[in-house]
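> Sharing a structure, written as structure tokens. Questions coming.
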Amino acid sequence: MNKYQDKDGNQYYVYEYNSILGVWRIEKIGEHGFKETDKRGADSFIVANQLTVVEESDCEN
């Protein structure tokens, strides 16, 4: 699970939620809910919102 930050200071968790189905989640820290997408969608979200890595983790959930 990686923690990202946008240029406005908003932080997000982006992580693989279900590796069998290829489901990724994007969670904005401090808000309820999340967006589910695939790897391409997660990568596109990171690029489109110009997110930078704040904290990187290799641990599996």
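Scheme for the structure tokens: letters A, B, ... for chains in order shown; per-chain residue numbers from 1; ligand numbers from 1 in order shown.
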Apply DSSP to the backbone of this structure and, from chain A, keep only the residues in strand (DSSP E or B); write these as number ranges by chain.
A: 2-5, 11-18, 23-28, 35-37, 52-55
> I need the residues from that last selection saved to file as an mmCIF file, in the first residue's frame (with N, CA and C atoms), if you can.

data_model
loop_
_atom_site.group_PDB
_atom_site.id
_atom_site.type_symbol
_atom_site.label_atom_id
_atom_site.label_comp_id
_atom_site.auth_asym_id
_atom_site.auth_seq_id
_atom_site.Cartn_x
_atom_site.Cartn_y
_atom_site.Cartn_z
ATOM 1 N N ASN A 2 0.712 2.068 -0.997
ATOM 2 C CA ASN A 2 1.485 3.295 -1.083
ATOM 3 C C ASN A 2 0.618 4.490 -0.723
ATOM 4 N N LYS A 3 1.235 5.458 -0.071
ATOM 5 C CA LYS A 3 0.560 6.707 0.253
ATOM 6 C C LYS A 3 1.079 7.763 -0.714
ATOM 7 N N TYR A 4 0.140 8.475 -1.340
ATOM 8 C CA TYR A 4 0.476 9.511 -2.309
ATOM 9 C C TYR A 4 -0.071 10.852 -1.853
ATOM 10 N N GLN A 5 0.493 11.917 -2.429
ATOM 11 C CA GLN A 5 0.019 13.267 -2.128
ATOM 12 C C GLN A 5 -0.066 14.060 -3.423
ATOM 13 N N GLN A 11 -4.009 13.611 0.503
ATOM 14 C CA GLN A 11 -3.284 12.344 0.506
ATOM 15 C C GLN A 11 -4.220 11.187 0.182
ATOM 16 N N TYR A 12 -3.660 10.187 -0.490
ATOM 17 C CA TYR A 12 -4.418 9.030 -0.953
ATOM 18 C C TYR A 12 -3.639 7.759 -0.673
ATOM 19 N N TYR A 13 -4.375 6.669 -0.411
ATOM 20 C CA TYR A 13 -3.799 5.335 -0.421
ATOM 21 C C TYR A 13 -4.199 4.700 -1.738
ATOM 22 N N VAL A 14 -3.248 4.109 -2.437
ATOM 23 C CA VAL A 14 -3.512 3.377 -3.676
ATOM 24 C C VAL A 14 -2.901 1.998 -3.491
ATOM 25 N N TYR A 15 -3.749 0.963 -3.588
ATOM 26 C CA TYR A 15 -3.251 -0.382 -3.329
ATOM 27 C C TYR A 15 -4.082 -1.444 -4.042
ATOM 28 N N GLU A 16 -3.453 -2.610 -4.239
ATOM 29 C CA GLU A 16 -4.145 -3.746 -4.838
ATOM 30 C C GLU A 16 -4.991 -4.408 -3.759
ATOM 31 N N TYR A 17 -6.297 -4.434 -3.964
ATOM 32 C CA TYR A 17 -7.233 -4.972 -2.982
ATOM 33 C C TYR A 17 -7.484 -6.461 -3.207
ATOM 34 N N ASN A 18 -7.599 -6.892 -4.459
ATOM 35 C CA ASN A 18 -7.874 -8.286 -4.777
ATOM 36 C C ASN A 18 -7.026 -8.675 -5.982
ATOM 37 N N VAL A 23 -8.308 -6.098 -8.756
ATOM 38 C CA VAL A 23 -9.012 -4.910 -8.268
ATOM 39 C C VAL A 23 -8.067 -4.045 -7.434
ATOM 40 N N TRP A 24 -8.015 -2.765 -7.762
ATOM 41 C CA TRP A 24 -7.223 -1.786 -7.024
ATOM 42 C C TRP A 24 -8.159 -0.792 -6.372
ATOM 43 N N ARG A 25 -7.751 -0.261 -5.227
ATOM 44 C CA ARG A 25 -8.550 0.745 -4.518
ATOM 45 C C ARG A 25 -7.766 2.041 -4.395
ATOM 46 N N ILE A 26 -8.509 3.132 -4.503
ATOM 47 C CA ILE A 26 -7.970 4.475 -4.291
ATOM 48 C C ILE A 26 -8.795 5.086 -3.173
ATOM 49 N N GLU A 27 -8.141 5.405 -2.064
ATOM 50 C CA GLU A 27 -8.834 5.993 -0.910
ATOM 51 C C GLU A 27 -8.240 7.361 -0.604
ATOM 52 N N LYS A 28 -9.086 8.370 -0.538
ATOM 53 C CA LYS A 28 -8.630 9.692 -0.130
ATOM 54 C C LYS A 28 -8.638 9.727 1.389
ATOM 55 N N LYS A 35 -12.600 4.311 -4.326
ATOM 56 C CA LYS A 35 -12.900 4.023 -5.726
ATOM 57 C C LYS A 35 -12.195 2.726 -6.073
ATOM 58 N N GLU A 36 -12.921 1.797 -6.697
ATOM 59 C CA GLU A 36 -12.300 0.560 -7.160
ATOM 60 C C GLU A 36 -12.067 0.652 -8.661
ATOM 61 N N THR A 37 -10.931 0.141 -9.093
ATOM 62 C CA THR A 37 -10.550 0.202 -10.494
ATOM 63 C C THR A 37 -9.587 -0.943 -10.781
ATOM 64 N N THR A 52 2.506 12.223 -5.968
ATOM 65 C CA THR A 52 3.866 11.803 -5.657
ATOM 66 C C THR A 52 3.820 10.883 -4.453
ATOM 67 N N VAL A 53 4.743 9.935 -4.407
ATOM 68 C CA VAL A 53 4.781 8.965 -3.313
ATOM 69 C C VAL A 53 5.255 9.647 -2.042
ATOM 70 N N VAL A 54 4.479 9.467 -0.964
ATOM 71 C CA VAL A 54 4.843 9.987 0.352
ATOM 72 C C VAL A 54 5.416 8.857 1.191
ATOM 73 N N GLU A 55 4.821 7.681 1.067
ATOM 74 C CA GLU A 55 5.229 6.510 1.854
ATOM 75 C C GLU A 55 5.005 5.277 0.996
#
> What is the atom CA of A:Ser44-atom CA of A:Gly9 distance in Å, reported with one decimal?
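Separation between atom CA of A:Ser44 and atom CA of A:Gly9: 18.9 Å.
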> Using only C-alpha atoms, which residues sit within 10 Å of A:Lys7 once same-chain residues fewer than 5 positions away are excluded, as a list in words?
Asn49, Gln50, Leu51 and Thr52 of chain A
> Please measure the separation of atom CA of A:Met1 and atom CA of A:Ile29, giving the value in Å to one decimal.
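Between atom CA of A:Met1 and atom CA of A:Ile29 the gap works out to 12.9 Å.
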